Amino acid sequence: MKLDRKEILKALETITVAGEGKNMVESGAIANVVTFGDEVVVDLVLHAPALHIRKRAEEDINKTILEKVSAEAKVKINVKIETPEKVEIKGKAIPGIQNIIAVASGKGGVGKSTVTANLAVSLAKMGFSVGILDADIYGPSMPIMFDVETAKPLSVEVDGKSKMKPIENYDVKILSIGFFTSPSQAVMWRGPMAAKALNQMIFDADWGELDFLLIDLPPGTGDIHLSIVQSLPITGAVVVSTPQAVALADAKKGVAMFMSEAINVPVLGIIENMAYFTPEELPNNKYYIFGKEGAKNLAEDLAVPFLGEVPIVQSIREAGDFGRPAALQTGSIIETVFENITRNVVQEVVSRNENLPATEAVKITTMAGCSSVKK
């Protein structure tokens, strides 16, 4: 006697697992059925570890096959218990910090760190208390941009616990892995070690009261980004891009990461850096070296705010190298440019806080966090 696999599956469609509405085949509880002559092997997957549910399911399968397929069938049932992973918020807010803004870019070399530094000093000039977490573990640049390359954070005691005191310059508090390594030393860490270092700078630091903590993320959409959104409730993200198609393609991925179902962090908007070049001797001329309004058009396509454009100006580069962000240049075009962009960022934060619920730290599970796979 040879048993028919299709006939067995049809018979099993008449029974359900206790507590579930769908039949065993439709729900996926029957993972596989194999026949060998008069023998049938059924692979059963259950999501409830209770013994009585398991025994009931085994009895129902055995009885159904014997009654509806063949009374002579020899039934063997392999049971596997798969309990869903407990979903919990692993991150926590930092007391005293009102808004946490991630500054990201899909592509390296678009000036993300420069924009972060100038946003920070512009916020400070407006009277806000500001901090920067330099999360670019492998290429930290904030120590140079704030002229604190040789500084070392001190240890202070807060509520009986030892904490790192951020370095402060231009009324901005800064923590960076660059403070703990020599300028010529390469950071060669795998993801878990880098994530641990970040967590120490986040939670083992005495940030005090801050209106804004800006997080300067590394390029791309990788391990550091997931560690940050899992550790902290991000208020929103700002994406920086240059106008050319190559950079825009990666910026689009950066926006998609934050807007994905798995991450779901509000995107405050896109900033276009290196938008155009104006020679000093021809102040009315604009040369669109990398293309015109590419990031602005991308913002419209993705239905996210366009926060503004930053021109190519030699003083921006010089100021960053010298350690004094260009937005501090009183009366300059760059000061006005960054003031306008910063006002737009603040407005988007206010709007976001009025219209959206507070962000929770991202819930990372085995099915989420590394792709947009739906749970």
# chains A, B, ... in the order shown; residues from 1 in each chain; ligands from 1
$ residues_around --residues "A:Ile202" --least-positions-apart "6" --cutoff "12 Å" --atoms "only C-alpha atoms" --output "ChimeraX atom specification"
/A:91-95,97,100,131-135,163-166,174-177,195-196,208,213-215,227-228,231-232
$ select_by_dssp --residues "stretch 162-306 of chain A" --states "strand (DSSP E or B)" --output "MDAnalysis selection string"
chainID A and resid 162:165 167:169 172:176 205 210:216 236:241 267:277 287 306
$ residues_around --residues "A:Asp60" --least-positions-apart "3" --cutoff "9 Å" --atoms "only C-alpha atoms" --output "MDAnalysis selection string"
chainID A and resid 12 15:17 55:57 63:65
$ residues_around --residues "stretch 343-354 of chain A" --least-positions-apart "6" --cutoff "12 Å" --atoms "only C-alpha atoms" --output "PyMOL selection string"
chain A and resi 98-103+116+119-120+122-126+128+211-212+214+234-239+265-271+304-309+336-337
$ closest_residue --among "A:Asp250, A:Asp43, A:Asp206, A:Asp216" --to "A:Gly111" --atoms "only C-alpha atoms"
A:Asp216
